[in-house]
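Below is one structure, written out as structure tokens; the observations come after it.
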Amino acid sequence: MSPETMTAEPFSFSADRPRDQDRALAPDGRETVPPIKTIVLDRLPVPVAAPSEREAVRAAASSGPERLRLEGVSISYGPKEAVKSVSLSIHQGEVLALIGPSGCGKTTLLRTLNRLTELTPSASRAGRIMLDGEDIHELADTTLRSRVAMVFQQPNPFPMSIFDNVAFALREQSRKRPRRRELEPQVIDALQRAGLYEEVRDDLDRPALRLSGGQQQRLCIARAIAPRPEVLLMDEPCSALDPISTNTVEKLIGELRRELAVVVVTHNLAQAHRVADKVAFMYLGDLVEYGSTAEVFDEPRATRTRDYVSGAFG
Amino acid sequence: MSALAPYSPGPERPMQTGPGRRSSPMSWRWGDRLALAFAWTAGIGLCLIAAAIVIYMGYRGVEYLRPSLLVSRPSAGTSQNATGGFLDPLLGTALLTLIGVLLAVPLAVGSAVWIAEYGRPTWLARAVESSIEIVAGTPDIVIAIFGLAIFQLSLFAPFSFTAEHGGVFGRSFIAAGAMMSLIALPPLFTATRDGLQAVPAHMREAAFALGKTRIATIRRVLLPSVRSNIATGVTLGVSRIIGDTAIVVLLLGETLRFGPQGSVPAINILRGTGASLTSYIYDNSPAGEGAAPQKAYAAAFVLIVFVLLLNLIVQRIGRSGTDSTGLTAVGGVV
């Protein structure tokens, strides 16, 4: 089909199911199916160029200042390479979704951003990660983690009251100071930014474990953003929540990105589509594609991305 | 068109629920029936034994138990009315329990925290766990003799009475309490360690992700999570201390009343000798020196009441531990 023969009207293709009145019985008793009538497509087929002809990782326009920069980051657990030479840039004002099938290294990459992979003895890494221009391995890990906060898959409030959970993040190590009165405004502010304050304002001293799952996860978010970090890392934050809580947390992510850079690891492609501004697709440790959500979902350049996004595997 | 034959359910039969649902033992093989009978007998037999202990001790004890027995001190005398009560042994039990728990808790919780949170090098962790198992398995008479040997060294002379020619007596509340702490240590260690290992990894990671050091995490997040485990372990340790006789008989000097040593007010009781309820029962029983079995039964009844109370406390802590922290408490018995 050449461009000249393409008409302004959509090319038609459809397969109608045989309707009952069309069923007929041939003389020998077999059912016959009427021939296919019309074929309708809703848009012209767009030819996809071969992957080798394009670069899959595109520089995309970003909104805020760059917060995190990954340069050639590789992480191995012993002999096994979990992440192979990934380079990425994470900006304030946007949500980056890391998507990919299980075992592709997205959670490992996320945990490296706040050096949690160091807790595993066999982990080794190469490459550089810069937070606002400073190499994160030059910083003390406690300082780094107050600037790069993390929310986990399972809501994990500490066995303390709601107030103490958020205040724990604001106090120095195990100190009990500053006292409650001084911290109260900051705690309330964090709870408000996490969208939880209205629901818990009557009793902040209630044990945090009495909250529902969605409330606990929002409490963990409040706790993470209380010290005003620059980056918020979220490891499948909604996978343990019911749909209503998921909706609430997704809206919260949308509001939080104004003041933070947010990186979300998610298995749920629909969620990535709803929530993210930029998407990075990883497969078996490689960063296969990176771009804005519309580009990666609607016009993926790599075949593997297209297969994953369309559900052919995953 | 379906390729299957049309499905039609069989004739209606009411679904049986409840005990009748299981097949009757009459239809079993005789080996299984025998096993069932044995299981029933064993269960009922245990109930009967426990009831017998409590009821018989109660019957004999209450017969002679009077409030005055609990508050009057033992005294020398020839008739039952003149020999007083068992206040000193009661206080002795309480004092031993206190010393034992105070010494055991830091040791046990400290080593449990080290095992669960650090645990490197691995050979050392295994050595620590084996050592605690050895102490747990050692008979208390052996621990008592070991304690006696240790506390009779001149190095430990300040902890007890020293005779004129330099012989260290080696028997005092400090000595007995120290050995009691060894008795209480294994259940406390096991309960704390299991509780710490049950805390999910993401709870620790959440604390690290907030920028907390490991020590701060242990102090503010992990130890409060295992509060109920520690309480359960302490209660198990206390019940072992209360019931121990060998250590008391060997290491407490067996004076019916407190025999303080020295002049410093509280320390002299610790350095001195005394008795506990268990040694009092032994002494007054027909097998011991005294001939006041009624008082022995009364003291035994008081002891049983303590044990029952402790069991109740363990159950309550176990249940409330699940409620308040949301993590399950371990009621482990070594």
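By convention here, the chains of the structure tokens are called A, B, ... in the order presented, each chain's residues are numbered starting at 1, and ligands are numbered starting at 1 in the order presented.
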### Query
What residues in segment 57-211 of chain B get the DSSP label helix (DSSP H, G or I)? Please answer as a ChimeraX atom specification.
/B:57-64,67-71,80-82,87-118,122-137,140-151,154-159,173-198,201-209
### Message
Within 8 Å of chain A, which residues belong to chain B? Use only C-alpha atoms and report them as a list of chain:residue names.
### Response
B:His202, B:Met203, B:Glu205, B:Ala206, B:Phe208, B:Ala209, B:Leu210, B:Gly211, B:Lys212, B:Thr213, B:Ala216, B:Thr217, B:Arg219, B:Arg220, B:Val221, B:Pro224, B:Ser225, B:Ser324, B:Thr325, B:Gly326
### Nearby residues (only C-alpha atoms) at most 12 Å from segment 118-134 of chain B, same-chain spacing under 5 positions excluded, as a list in words
Leu119 and Pro121 of chain A; Leu107, Ala108, Gly110, Ser111, Ala112, Val113, Pro139, Asp140, Val142, Ile143, Leu182, Ile183, Ala184, Leu185, Pro186, Pro187, Leu188, Phe189, Thr190, Arg193, Leu196, Gln197, Arg214, Ile215, Ile218 and Val334 of chain B
### Message
What does the structure give for the distance between atom CA of Ile115 of chain B and atom CA of Ile99 of chain B, in Å to one decimal?
### Response
24.6 Å
#### Entry: Shell around segment 180-189 of chain A at 7 Å using only C-alpha atoms, local window under 4 positions removed, as number ranges by chain
A: 163, 166-167, 193, 197, 226
Write the residues of the preceding selection, restricted to C-alpha atoms, as a short mmCIF file (atom, residue, chain, number, x, y, z; two decimals), in the first residue's frame.
data_model
loop_
_atom_site.label_atom_id
_atom_site.label_comp_id
_atom_site.auth_asym_id
_atom_site.auth_seq_id
_atom_site.Cartn_x
_atom_site.Cartn_y
_atom_site.Cartn_z
CA PHE A 163 2.87 11.50 66.29
CA VAL A 166 6.56 11.18 62.18
CA ALA A 167 8.58 12.81 64.98
CA ARG A 193 1.06 17.09 52.93
CA TYR A 197 -4.14 14.88 58.89
CA ALA A 226 8.73 15.10 57.09
#
### Task
Give the strand (DSSP E or B) residues of segment 87-125 of chain A, as DSSP finds them on the backbone, and put them as a PyMOL selection string.
chain A and resi 87-91+95-99+123-125
### Task
Write out as a list in words each polymer residue whose atoms come within 9 Å of Pro65 of chain A, counting only C-alpha atoms; drop sequence neighbours fewer than 4 positions from it.
Ile90, His91, Gln92, Gly93 and Asp132 of chain A
Save the residues we just selected, N, CA and C atoms, as an mmCIF file, in the first residue's frame?
data_model
loop_
_atom_site.group_PDB
_atom_site.id
_atom_site.type_symbol
_atom_site.label_atom_id
_atom_site.label_comp_id
_atom_site.auth_asym_id
_atom_site.auth_seq_id
_atom_site.Cartn_x
_atom_site.Cartn_y
_atom_site.Cartn_z
ATOM 1 N N ILE A 90 17.197 12.294 37.006
ATOM 2 C CA ILE A 90 15.908 12.409 37.710
ATOM 3 C C ILE A 90 15.739 13.850 38.154
ATOM 4 N N HIS A 91 14.607 14.425 37.750
ATOM 5 C CA HIS A 91 14.405 15.844 37.978
ATOM 6 C C HIS A 91 13.303 16.099 38.974
ATOM 7 N N GLN A 92 13.402 17.236 39.637
ATOM 8 C CA GLN A 92 12.307 17.649 40.504
ATOM 9 C C GLN A 92 11.112 18.016 39.633
ATOM 10 N N GLY A 93 9.925 17.818 40.198
ATOM 11 C CA GLY A 93 8.741 18.216 39.453
ATOM 12 C C GLY A 93 8.218 17.129 38.542
ATOM 13 N N ASP A 132 22.446 16.205 43.551
ATOM 14 C CA ASP A 132 22.751 17.634 43.493
ATOM 15 C C ASP A 132 24.242 17.884 43.311
#
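Proximity to Ala296 of chain B at 7 Å, evaluated using only C-alpha atoms and with sequence-adjacent residues fewer than 4 positions away removed, yields B:Ile281, B:Asn284, B:Ser285, B:Ala292, B:Ala300.
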### Task
Please identify all polymer residues within 8 Å of segment 256-271 of chain A, counting only C-alpha atoms, omitting same-chain residues fewer than 5 positions from it, and present them as a list of chain:residue names.
A:Arg67, A:Ile90, A:His91, A:Gln92, A:Gly93, A:Glu94, A:Val95, A:Leu96, A:Ala97, A:Leu98, A:Ile99, A:Gly100, A:Pro101, A:Ser102, A:Lys106, A:Thr107, A:Leu110, A:Arg193, A:Pro229, A:Glu230, A:Val231, A:Leu232, A:Leu233, A:Met234, A:Asp235, A:Glu236, A:Pro237, A:Val309
